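Undergrad: Have a look at the structure that comes next, please.
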Amino acid sequence: MAKRAKSAKKRGRKRVAWTKAHERELRTHSKKKTPVTSIARAMKRTAGALRQKAHAMGLSLGHRR
C-alpha cells in the first residue's frame, strides 16, 4: 500500500478564540431566536462550534424545529 505524500495540503481552519464580545453576540442571537445558519455566516464560525459554545454557556440554539 502506498502512503500519502507528506506535501498533501490539508484544508484546515485556524481556531478563533471566543471573546466576551463574541459570547455577548451569541447570547443576543439566542434570545432573538436567529437560525443557526444565519448566526454561523454572521460570526464566521461553523454551526457545530456555535452549538457547542451555546451548550457550554447554557443557551439554546436551533429554535426552528
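Within each chain, counting starts at residue 1; across the C-alpha cells, chains are named A, B, ... in the order shown, with ligands numbered 1 upward in that order.
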Please give the complete set of residues from chain A that DSSP, run on the backbone, assigns to helix (DSSP H, G or I), formatted as a short mmCIF file (atom, residue, chain, number, x, y, z; two decimals) with C-alpha atoms, in the first residue's frame.
TA:
data_model
loop_
_atom_site.label_atom_id
_atom_site.label_comp_id
_atom_site.auth_asym_id
_atom_site.auth_seq_id
_atom_site.Cartn_x
_atom_site.Cartn_y
_atom_site.Cartn_z
CA LYS A 20 -16.56 38.36 25.64
CA ALA A 21 -17.96 40.26 22.64
CA HIS A 22 -18.47 37.01 20.71
CA GLU A 23 -20.24 35.45 23.69
CA ARG A 24 -22.45 38.52 24.04
CA GLU A 25 -23.34 38.35 20.34
CA LEU A 26 -24.18 34.64 20.62
CA ARG A 27 -26.38 35.32 23.65
CA THR A 28 -28.21 38.07 21.72
CA HIS A 29 -28.82 35.77 18.74
CA SER A 30 -30.12 33.09 21.08
CA LYS A 31 -32.64 35.48 22.63
CA LYS A 32 -33.77 36.65 19.17
CA VAL A 36 -28.09 28.77 13.41
CA THR A 37 -27.07 29.02 9.74
CA SER A 38 -27.54 32.80 9.82
CA ILE A 39 -25.52 33.11 13.02
CA ALA A 40 -22.77 30.94 11.51
CA ARG A 41 -22.49 33.20 8.46
CA ALA A 42 -22.53 36.38 10.55
CA MET A 43 -19.93 35.18 13.06
CA ALA A 47 -22.84 25.63 13.19
CA GLY A 48 -21.25 22.90 15.32
CA ALA A 49 -18.92 25.38 17.02
CA LEU A 50 -21.86 27.65 17.80
CA ARG A 51 -23.93 24.80 19.21
CA GLN A 52 -21.06 23.59 21.40
CA LYS A 53 -20.40 27.05 22.80
CA ALA A 54 -24.10 27.72 23.36
CA HIS A 55 -24.43 24.44 25.25
CA ALA A 56 -21.40 25.29 27.40
CA MET A 57 -22.96 28.70 28.15
#
Undergrad: Please measure the separation of atom CA of A:Pro35 and atom CA of A:Leu59, giving the value in Å to one decimal.
TA: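 Straight-line distance from atom CA of A:Pro35 to atom CA of A:Leu59 works out to 13.6 Å.
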Undergrad: I'd like to know which of A:Val16, A:Lys33, A:Thr46, A:Arg11 is closest to A:Leu61, using only C-alpha atoms.
TA: A:Lys33
